[in-house]
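Have a look at upload-v2.pdb; it's PDB, C-alpha atoms and all ligand atoms:
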ATOM      1  CA  MET A 233      27.109  17.545  59.632  1.00  0.00           C
ATOM      2  CA  ASP A 234      29.504  18.158  56.769  1.00  0.00           C
ATOM      3  CA  ARG A 235      29.141  21.911  56.195  1.00  0.00           C
ATOM      4  CA  GLU A 236      30.156  21.478  52.558  1.00  0.00           C
ATOM      5  CA  LEU A 237      26.670  20.033  51.980  1.00  0.00           C
ATOM      6  CA  LEU A 238      25.245  23.524  52.509  1.00  0.00           C
ATOM      7  CA  ARG A 239      27.264  25.017  49.653  1.00  0.00           C
ATOM      8  CA  LEU A 240      24.401  24.981  47.142  1.00  0.00           C
ATOM      9  CA  TYR A 241      21.096  24.110  48.789  1.00  0.00           C
ATOM     10  CA  PHE A 242      18.221  24.010  46.319  1.00  0.00           C
ATOM     11  CA  ILE A 243      14.667  24.337  47.656  1.00  0.00           C
ATOM     12  CA  CYS A 244      11.596  23.569  45.587  1.00  0.00           C
ATOM     13  CA  GLY A 245       7.952  22.540  45.787  1.00  0.00           C
ATOM     14  CA  SER A 246       5.444  21.526  43.166  1.00  0.00           C
ATOM     15  CA  GLU A 247       4.424  25.146  42.484  1.00  0.00           C
ATOM     16  CA  ASP A 248       7.917  26.646  42.401  1.00  0.00           C
ATOM     17  CA  ALA A 249       8.772  25.577  38.872  1.00  0.00           C
ATOM     18  CA  GLU A 250       6.961  25.086  35.611  1.00  0.00           C
ATOM     19  CA  GLY A 251       6.440  21.728  33.951  1.00  0.00           C
ATOM     20  CA  ASN A 252       7.971  18.582  35.393  1.00  0.00           C
ATOM     21  CA  VAL A 253       9.326  19.599  38.799  1.00  0.00           C
ATOM     22  CA  VAL A 254      11.044  16.257  39.432  1.00  0.00           C
ATOM     23  CA  GLN A 255      12.994  16.907  36.230  1.00  0.00           C
ATOM     24  CA  THR A 256      13.817  20.422  37.475  1.00  0.00           C
ATOM     25  CA  VAL A 257      15.297  18.895  40.625  1.00  0.00           C
ATOM     26  CA  ARG A 258      17.280  16.406  38.551  1.00  0.00           C
ATOM     27  CA  GLU A 259      18.742  19.220  36.439  1.00  0.00           C
ATOM     28  CA  ALA A 260      19.667  21.225  39.538  1.00  0.00           C
ATOM     29  CA  LEU A 261      21.466  18.211  41.012  1.00  0.00           C
ATOM     30  CA  GLU A 262      23.156  17.546  37.677  1.00  0.00           C
ATOM     31  CA  GLY A 263      24.323  21.174  37.827  1.00  0.00           C
ATOM     32  CA  GLY A 264      25.928  20.536  41.199  1.00  0.00           C
ATOM     33  CA  ALA A 265      23.377  21.298  43.936  1.00  0.00           C
ATOM     34  CA  THR A 266      24.734  19.786  47.160  1.00  0.00           C
ATOM     35  CA  MET A 267      21.516  19.477  49.177  1.00  0.00           C
ATOM     36  CA  PHE A 268      17.787  19.563  48.424  1.00  0.00           C
ATOM     37  CA  GLN A 269      14.722  20.590  50.413  1.00  0.00           C
ATOM     38  CA  LEU A 270      11.137  19.794  49.508  1.00  0.00           C
ATOM     39  CA  ARG A 271       9.111  22.813  50.590  1.00  0.00           C
ATOM     40  CA  GLU A 272       5.516  22.225  49.563  1.00  0.00           C
ATOM     41  CA  LYS A 273       3.744  25.583  49.948  1.00  0.00           C
ATOM     42  CA  GLY A 274       1.566  27.724  47.766  1.00  0.00           C
ATOM     43  CA  GLN A 275      -1.998  28.064  46.622  1.00  0.00           C
ATOM     44  CA  HIS A 276      -2.687  24.416  45.886  1.00  0.00           C
ATOM     45  CA  PRO A 277      -0.082  22.343  47.678  1.00  0.00           C
ATOM     46  CA  LEU A 278      -0.065  18.618  47.040  1.00  0.00           C
ATOM     47  CA  GLU A 279      -1.575  16.537  49.824  1.00  0.00           C
ATOM     48  CA  GLY A 280      -2.033  12.906  50.811  1.00  0.00           C
ATOM     49  CA  ASP A 281      -0.930  10.213  48.385  1.00  0.00           C
ATOM     50  CA  ALA A 282      -0.006  12.717  45.684  1.00  0.00           C
ATOM     51  CA  LEU A 283       2.405  14.449  48.067  1.00  0.00           C
ATOM     52  CA  VAL A 284       3.927  11.154  49.197  1.00  0.00           C
ATOM     53  CA  ARG A 285       4.406  10.104  45.570  1.00  0.00           C
ATOM     54  CA  PHE A 286       5.960  13.457  44.651  1.00  0.00           C
ATOM     55  CA  ALA A 287       8.292  13.340  47.670  1.00  0.00           C
ATOM     56  CA  SER A 288       9.287   9.737  46.937  1.00  0.00           C
ATOM     57  CA  ASP A 289      10.044  10.530  43.304  1.00  0.00           C
ATOM     58  CA  ILE A 290      12.301  13.423  44.281  1.00  0.00           C
ATOM     59  CA  LYS A 291      13.946  11.420  47.030  1.00  0.00           C
ATOM     60  CA  ARG A 292      14.853   8.759  44.485  1.00  0.00           C
ATOM     61  CA  VAL A 293      16.541  11.383  42.294  1.00  0.00           C
ATOM     62  CA  CYS A 294      18.435  12.775  45.302  1.00  0.00           C
ATOM     63  CA  LYS A 295      19.634   9.278  46.152  1.00  0.00           C
ATOM     64  CA  GLU A 296      20.864   8.823  42.588  1.00  0.00           C
ATOM     65  CA  TYR A 297      23.012  11.937  42.987  1.00  0.00           C
ATOM     66  CA  ASP A 298      23.953  11.150  46.604  1.00  0.00           C
ATOM     67  CA  VAL A 299      22.468  14.465  47.741  1.00  0.00           C
ATOM     68  CA  PRO A 300      20.616  14.743  51.089  1.00  0.00           C
ATOM     69  CA  PHE A 301      16.835  14.963  50.736  1.00  0.00           C
ATOM     70  CA  ILE A 302      15.356  17.272  53.390  1.00  0.00           C
ATOM     71  CA  VAL A 303      11.660  17.953  54.036  1.00  0.00           C
ATOM     72  CA  ASN A 304      10.384  21.331  55.222  1.00  0.00           C
ATOM     73  CA  ASP A 305       8.037  21.408  58.247  1.00  0.00           C
ATOM     74  CA  ASP A 306       6.248  18.110  57.691  1.00  0.00           C
ATOM     75  CA  TRP A 307       8.044  15.596  59.917  1.00  0.00           C
ATOM     76  CA  LYS A 308       5.390  12.930  59.311  1.00  0.00           C
ATOM     77  CA  LEU A 309       6.038  13.084  55.588  1.00  0.00           C
ATOM     78  CA  ALA A 310       9.796  13.115  56.225  1.00  0.00           C
ATOM     79  CA  GLU A 311       9.553   9.966  58.314  1.00  0.00           C
ATOM     80  CA  MET A 312       7.187   8.264  55.865  1.00  0.00           C
ATOM     81  CA  VAL A 313       9.470   8.713  52.871  1.00  0.00           C
ATOM     82  CA  GLU A 314      12.616   8.167  54.947  1.00  0.00           C
ATOM     83  CA  ALA A 315      14.044  11.602  54.294  1.00  0.00           C
ATOM     84  CA  ASP A 316      17.614  12.449  55.270  1.00  0.00           C
ATOM     85  CA  GLY A 317      16.419  15.310  57.430  1.00  0.00           C
ATOM     86  CA  ILE A 318      13.952  17.999  58.316  1.00  0.00           C
ATOM     87  CA  HIS A 319      13.996  21.786  58.182  1.00  0.00           C
ATOM     88  CA  LEU A 320      11.957  23.621  60.797  1.00  0.00           C
ATOM     89  CA  GLY A 321      10.928  27.234  61.239  1.00  0.00           C
ATOM     90  CA  GLN A 322      10.389  29.089  64.497  1.00  0.00           C
ATOM     91  CA  ASP A 323       6.659  28.281  64.434  1.00  0.00           C
ATOM     92  CA  ASP A 324       6.956  24.591  63.568  1.00  0.00           C
ATOM     93  CA  VAL A 325       7.210  21.600  65.901  1.00  0.00           C
ATOM     94  CA  ALA A 326       9.960  22.012  68.513  1.00  0.00           C
ATOM     95  CA  VAL A 327      13.121  20.095  67.692  1.00  0.00           C
ATOM     96  CA  SER A 328      12.861  18.393  71.100  1.00  0.00           C
ATOM     97  CA  ASP A 329       9.423  17.013  70.127  1.00  0.00           C
ATOM     98  CA  LEU A 330      10.643  15.246  66.976  1.00  0.00           C
ATOM     99  CA  PRO A 331      10.371  11.447  67.085  1.00  0.00           C
ATOM    100  CA  GLY A 332      13.425   9.214  67.439  1.00  0.00           C
ATOM    101  CA  TYR A 333      13.627   8.722  63.664  1.00  0.00           C
ATOM    102  CA  PHE A 334      15.372  12.098  63.471  1.00  0.00           C
ATOM    103  CA  ASP A 335      18.061  11.293  66.042  1.00  0.00           C
ATOM    104  CA  ASP A 336      20.575  10.460  63.321  1.00  0.00           C
ATOM    105  CA  LYS A 337      19.098  12.726  60.647  1.00  0.00           C
ATOM    106  CA  ILE A 338      19.976  16.267  59.565  1.00  0.00           C
ATOM    107  CA  ILE A 339      17.983  18.898  61.451  1.00  0.00           C
ATOM    108  CA  GLY A 340      17.892  22.477  60.172  1.00  0.00           C
ATOM    109  CA  LEU A 341      16.341  25.464  61.919  1.00  0.00           C
ATOM    110  CA  SER A 342      15.489  28.922  60.598  1.00  0.00           C
ATOM    111  CA  VAL A 343      16.867  31.695  62.797  1.00  0.00           C
ATOM    112  CA  ARG A 344      16.843  35.212  61.407  1.00  0.00           C
ATOM    113  CA  ASP A 345      18.431  37.249  64.190  1.00  0.00           C
ATOM    114  CA  ARG A 346      19.651  37.507  67.765  1.00  0.00           C
ATOM    115  CA  LYS A 347      16.137  37.623  69.172  1.00  0.00           C
ATOM    116  CA  GLU A 348      15.126  34.347  67.544  1.00  0.00           C
ATOM    117  CA  LEU A 349      18.449  32.811  68.485  1.00  0.00           C
ATOM    118  CA  GLU A 350      17.849  33.619  72.149  1.00  0.00           C
ATOM    119  CA  VAL A 351      14.645  31.540  72.183  1.00  0.00           C
ATOM    120  CA  SER A 352      16.017  28.651  70.087  1.00  0.00           C
ATOM    121  CA  ASN A 353      17.249  25.383  71.522  1.00  0.00           C
ATOM    122  CA  LEU A 354      20.124  24.357  69.252  1.00  0.00           C
ATOM    123  CA  GLU A 355      20.992  21.157  71.093  1.00  0.00           C
ATOM    124  CA  LYS A 356      19.980  18.782  68.287  1.00  0.00           C
ATOM    125  CA  VAL A 357      20.215  21.272  65.434  1.00  0.00           C
ATOM    126  CA  ASP A 358      22.793  20.575  62.712  1.00  0.00           C
ATOM    127  CA  TYR A 359      22.597  23.785  60.718  1.00  0.00           C
ATOM    128  CA  ILE A 360      20.944  27.189  60.803  1.00  0.00           C
ATOM    129  CA  GLY A 361      19.174  28.845  57.878  1.00  0.00           C
ATOM    130  CA  THR A 362      19.368  32.636  58.121  1.00  0.00           C
ATOM    131  CA  GLY A 363      17.433  35.221  56.185  1.00  0.00           C
ATOM    132  CA  PRO A 364      15.881  36.592  54.173  1.00  0.00           C
ATOM    133  CA  VAL A 365      19.213  38.199  53.369  1.00  0.00           C
ATOM    134  CA  PHE A 366      17.658  40.086  50.453  1.00  0.00           C
ATOM    135  CA  THR A 367      14.093  40.862  49.417  1.00  0.00           C
ATOM    136  CA  THR A 368      12.292  37.779  48.165  1.00  0.00           C
ATOM    137  CA  SER A 369       9.003  37.141  46.430  1.00  0.00           C
ATOM    138  CA  SER A 370       9.097  33.411  47.165  1.00  0.00           C
ATOM    139  CA  LYS A 371       7.888  33.671  50.774  1.00  0.00           C
ATOM    140  CA  ALA A 372       5.099  36.094  51.638  1.00  0.00           C
ATOM    141  CA  ASP A 373       5.825  36.187  55.375  1.00  0.00           C
ATOM    142  CA  ALA A 374       9.604  36.227  55.110  1.00  0.00           C
ATOM    143  CA  GLY A 375       9.845  39.575  56.925  1.00  0.00           C
ATOM    144  CA  THR A 376      12.281  42.372  56.202  1.00  0.00           C
ATOM    145  CA  ALA A 377      15.652  41.544  54.724  1.00  0.00           C
ATOM    146  CA  ILE A 378      18.503  41.243  57.233  1.00  0.00           C
ATOM    147  CA  GLY A 379      21.138  42.152  54.629  1.00  0.00           C
ATOM    148  CA  VAL A 380      24.687  40.894  54.615  1.00  0.00           C
ATOM    149  CA  GLU A 381      25.166  42.821  57.876  1.00  0.00           C
ATOM    150  CA  GLY A 382      22.600  40.534  59.474  1.00  0.00           C
ATOM    151  CA  LEU A 383      24.466  37.547  58.116  1.00  0.00           C
ATOM    152  CA  VAL A 384      27.772  38.764  59.561  1.00  0.00           C
ATOM    153  CA  GLU A 385      26.066  39.296  62.929  1.00  0.00           C
ATOM    154  CA  MET A 386      24.561  35.796  62.847  1.00  0.00           C
ATOM    155  CA  ARG A 387      27.932  34.258  62.017  1.00  0.00           C
ATOM    156  CA  ARG A 388      29.423  36.042  65.014  1.00  0.00           C
ATOM    157  CA  LEU A 389      26.654  34.802  67.314  1.00  0.00           C
ATOM    158  CA  LEU A 390      26.692  31.229  65.986  1.00  0.00           C
ATOM    159  CA  GLY A 391      30.420  30.717  66.263  1.00  0.00           C
ATOM    160  CA  ASP A 392      31.374  27.650  64.276  1.00  0.00           C
ATOM    161  CA  MET A 393      27.846  26.330  63.690  1.00  0.00           C
ATOM    162  CA  PRO A 394      27.026  25.483  60.047  1.00  0.00           C
ATOM    163  CA  MET A 395      24.951  28.305  58.559  1.00  0.00           C
ATOM    164  CA  VAL A 396      23.278  28.734  55.193  1.00  0.00           C
ATOM    165  CA  ALA A 397      22.008  32.028  53.797  1.00  0.00           C
ATOM    166  CA  ILE A 398      18.551  32.301  52.235  1.00  0.00           C
ATOM    167  CA  GLY A 399      16.277  34.811  50.550  1.00  0.00           C
ATOM    168  CA  GLY A 400      16.596  36.755  47.312  1.00  0.00           C
ATOM    169  CA  ILE A 401      19.969  35.246  46.493  1.00  0.00           C
ATOM    170  CA  ASP A 402      20.958  35.419  42.825  1.00  0.00           C
ATOM    171  CA  ASP A 403      24.100  35.465  40.704  1.00  0.00           C
ATOM    172  CA  THR A 404      24.745  39.143  41.505  1.00  0.00           C
ATOM    173  CA  ASN A 405      24.825  38.765  45.301  1.00  0.00           C
ATOM    174  CA  TYR A 406      25.655  35.179  46.265  1.00  0.00           C
ATOM    175  CA  LYS A 407      29.354  35.872  46.687  1.00  0.00           C
ATOM    176  CA  SER A 408      28.565  38.529  49.290  1.00  0.00           C
ATOM    177  CA  CYS A 409      26.777  35.836  51.319  1.00  0.00           C
ATOM    178  CA  LEU A 410      29.761  33.485  51.140  1.00  0.00           C
ATOM    179  CA  ASP A 411      32.047  36.409  52.072  1.00  0.00           C
ATOM    180  CA  SER A 412      29.848  37.193  55.094  1.00  0.00           C
ATOM    181  CA  GLY A 413      30.352  33.890  56.840  1.00  0.00           C
ATOM    182  CA  ALA A 414      27.698  31.686  55.260  1.00  0.00           C
ATOM    183  CA  ASP A 415      28.813  28.126  54.501  1.00  0.00           C
ATOM    184  CA  GLY A 416      26.485  28.152  51.557  1.00  0.00           C
ATOM    185  CA  ILE A 417      23.441  29.570  49.876  1.00  0.00           C
ATOM    186  CA  SER A 418      19.925  28.254  49.574  1.00  0.00           C
ATOM    187  CA  LEU A 419      17.733  29.320  46.713  1.00  0.00           C
ATOM    188  CA  ILE A 420      14.394  28.764  45.085  1.00  0.00           C
ATOM    189  CA  SER A 421      13.689  31.139  42.208  1.00  0.00           C
ATOM    190  CA  ALA A 422      17.194  31.816  40.879  1.00  0.00           C
ATOM    191  CA  ILE A 423      17.454  28.115  40.085  1.00  0.00           C
ATOM    192  CA  ALA A 424      13.842  26.943  39.680  1.00  0.00           C
ATOM    193  CA  TRP A 425      12.872  29.710  37.262  1.00  0.00           C
ATOM    194  CA  ALA A 426      16.066  29.665  35.233  1.00  0.00           C
ATOM    195  CA  GLU A 427      15.863  28.985  31.520  1.00  0.00           C
ATOM    196  CA  ASP A 428      18.621  26.403  31.926  1.00  0.00           C
ATOM    197  CA  VAL A 429      18.329  25.039  35.479  1.00  0.00           C
ATOM    198  CA  GLY A 430      21.551  23.006  35.416  1.00  0.00           C
ATOM    199  CA  ALA A 431      23.632  25.873  34.063  1.00  0.00           C
ATOM    200  CA  ALA A 432      22.125  28.262  36.607  1.00  0.00           C
ATOM    201  CA  ALA A 433      22.979  25.896  39.465  1.00  0.00           C
ATOM    202  CA  SER A 434      26.542  25.349  38.330  1.00  0.00           C
ATOM    203  CA  ARG A 435      27.172  29.100  38.053  1.00  0.00           C
ATOM    204  CA  PHE A 436      26.607  29.408  41.822  1.00  0.00           C
ATOM    205  CA  LEU A 437      29.511  27.066  42.430  1.00  0.00           C
ATOM    206  CA  GLU A 438      31.979  29.509  40.873  1.00  0.00           C
ATOM    207  CA  GLU A 439      33.977  31.208  43.580  1.00  0.00           C
TER     208      GLU A 439
HETATM  209  N1  LIG B   1      12.791  31.499  53.780  1.00  0.00           N
HETATM  210  C1  LIG B   1      13.271  32.735  53.875  1.00  0.00           C
HETATM  211  S1  LIG B   1      13.343  33.495  52.375  1.00  0.00           S
HETATM  212  C2  LIG B   1      12.707  32.136  51.573  1.00  0.00           C
HETATM  213  C3  LIG B   1      12.471  31.138  52.501  1.00  0.00           C
HETATM  214  C4  LIG B   1      11.928  29.807  52.216  1.00  0.00           C
HETATM  215  C5  LIG B   1      12.453  32.090  50.107  1.00  0.00           C
HETATM  216  C6  LIG B   1      13.688  31.937  49.287  1.00  0.00           C
HETATM  217  O1  LIG B   1      13.369  31.916  47.921  1.00  0.00           O
HETATM  218  P1  LIG B   1      14.175  32.759  46.826  1.00  0.00           P
HETATM  219  O2  LIG B   1      13.343  32.647  45.571  1.00  0.00           O
HETATM  220  O3  LIG B   1      15.502  32.106  46.657  1.00  0.00           O
HETATM  221  O4  LIG B   1      14.272  34.176  47.332  1.00  0.00           O
HETATM  222 MG    MG B   2       8.357  26.045  58.370  1.00  0.00          MG
END

Reformat the file's structure so that it appears as structure tokens.
Amino acid sequence: MDRELLRLYFICGSEDAEGNVVQTVREALEGGATMFQLREKGQHPLEGDALVRFASDIKRVCKEYDVPFIVNDDWKLAEMVEADGIHLGQDDVAVSDLPGYFDDKIIGLSVRDRKELEVSNLEKVDYIGTGPVFTTSSKADAGTAIGVEGLVEMRRLLGDMPMVAIGGIDDTNYKSCLDSGADGISLISAIAWAEDVGAAASRFLEE
């Protein structure tokens, strides 16, 4: 994959922003987000038709901005709405068990450290998501922060593989992630909760 797509990877689900979340995504893309992931988690996640409708609406916006639309975990949903890819965690379906639809799609895998890397099959994986780099309140089971040291270590272990940093990234620390070997940053709250979503997104593109 083109590693430039990882530069500003916005992640959001229906409970991660207030008001019209499709509009939030649009503003983030207008602000320059380079990739998007639908991560539908929380207390009352959308299901069934409502989830398909929500995903389709966001996918349409992504298409308008020519930004890849990735779905977290739910490969059936991803296939149904013809997503551009899937992002899997260590406890999700194995990459090797994904249906043929994903053969030419973007496949991302979360790998936090050497131990997880040792048990991961990266054969069909296009990029690695590593973190949480910093403490986050957006994922209850994110585990302890690996810090920028963890990021540097992962870059060393991954060689040239595209890698995006995640977890607790904001405008005070994102540069340290880019300086530690990450091709880009992925964020929920620092963009989704911003007063001005588009302006917040574009600030992360400043080097
Ligand atoms: N995986 C590791 S940390 C995290 C995920 C999905 C949450 C990132 O959210 P935030 O608000 O940018 O810390
Ligand atoms: Mg997952």

Could I get the residue neighbourhood of ligand MG 2 (chain B) at 12 Å, counting only C-alpha atoms and all ligand atoms, as an MDAnalysis selection string? chainID A and resid 269:273 303:307 318:326 340:343 361 371 373:374

Could you tell me which residues the PyMOL selection byres (((not hetatm)) within 8 of (chain B and resi 1)) grabs in this file, written as a compact mmCIF listing (two decimals) with C-alpha atoms, keeping the file's coordinate frame?
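Final output, saved to out01.txt:
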# COMPACT_ATOMS: atom_id res chain seq x y z
CA ILE A 243 14.67 24.34 47.66
CA ARG A 271 9.11 22.81 50.59
CA SER A 342 15.49 28.92 60.60
CA THR A 362 19.37 32.64 58.12
CA GLY A 363 17.43 35.22 56.18
CA PRO A 364 15.88 36.59 54.17
CA VAL A 365 19.21 38.20 53.37
CA PHE A 366 17.66 40.09 50.45
CA THR A 367 14.09 40.86 49.42
CA THR A 368 12.29 37.78 48.16
CA SER A 369 9.00 37.14 46.43
CA SER A 370 9.10 33.41 47.16
CA LYS A 371 7.89 33.67 50.77
CA ALA A 374 9.60 36.23 55.11
CA ILE A 398 18.55 32.30 52.24
CA GLY A 399 16.28 34.81 50.55
CA GLY A 400 16.60 36.76 47.31
CA ILE A 401 19.97 35.25 46.49
CA ASP A 402 20.96 35.42 42.82
CA SER A 418 19.92 28.25 49.57
CA LEU A 419 17.73 29.32 46.71
CA ILE A 420 14.39 28.76 45.08
CA SER A 421 13.69 31.14 42.21
CA ALA A 422 17.19 31.82 40.88
CA ILE A 423 17.45 28.12 40.08

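Atom to atom, atom CA of Met233 of chain A and atom CA of Phe334 of chain A stand 13.5 Å apart.
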
Neighbouring residues of Asp415 of chain A were defined as those with any atom within 8 Å, considering all atoms listed in the file; residues of the same chain fewer than 5 positions away were excluded. Please report them as a PyMOL selection string. chain A and resi 235-236+238-239+394-397+410

Using all atoms listed in the file for the distances, tell me which of A:Asp358, A:Gly264, A:Ser352, A:Glu385 is nearest to Asp336 of chain A.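 Nearest candidate to Asp336 of chain A out of A:Asp358, A:Gly264, A:Ser352, A:Glu385: A:Asp358.
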
Taking all atoms of segment 316-322 of chain A that appear in the file, build a box with edges along x, y and z, extend it by 3 Å on every side, and state its centre and edge lengths in Å to one decimal, as JSON.
{"center_x": 14.0, "center_y": 20.8, "center_z": 59.9, "size_x": 13.2, "size_y": 22.6, "size_z": 15.2}

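Pairwise distance (atom CA of Ala260 of chain A, atom CA of Val429 of chain A) equals 5.7 Å.
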
Can you spell out as a PyMOL selection string the set of residues that the PyMOL selection byres (((chain A and resi 254) around 12) and not hetatm) selects in the structure I just provided? chain A and resi 244-253+255-261+268+270+285-294+424

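Atom pair atom CA of Ala282 of chain A / atom CA of Lys295 of chain A: separated by 19.9 Å.
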
Picked residues, the PyMOL selection byres (((chain A and resi 299) around 6) and not hetatm), as a compact mmCIF listing (two decimals) with C-alpha atoms, in the frame of the given file:
# COMPACT_ATOMS: atom_id res chain seq x y z
CA THR A 266 24.73 19.79 47.16
CA MET A 267 21.52 19.48 49.18
CA CYS A 294 18.43 12.78 45.30
CA TYR A 297 23.01 11.94 42.99
CA ASP A 298 23.95 11.15 46.60
CA PRO A 300 20.62 14.74 51.09
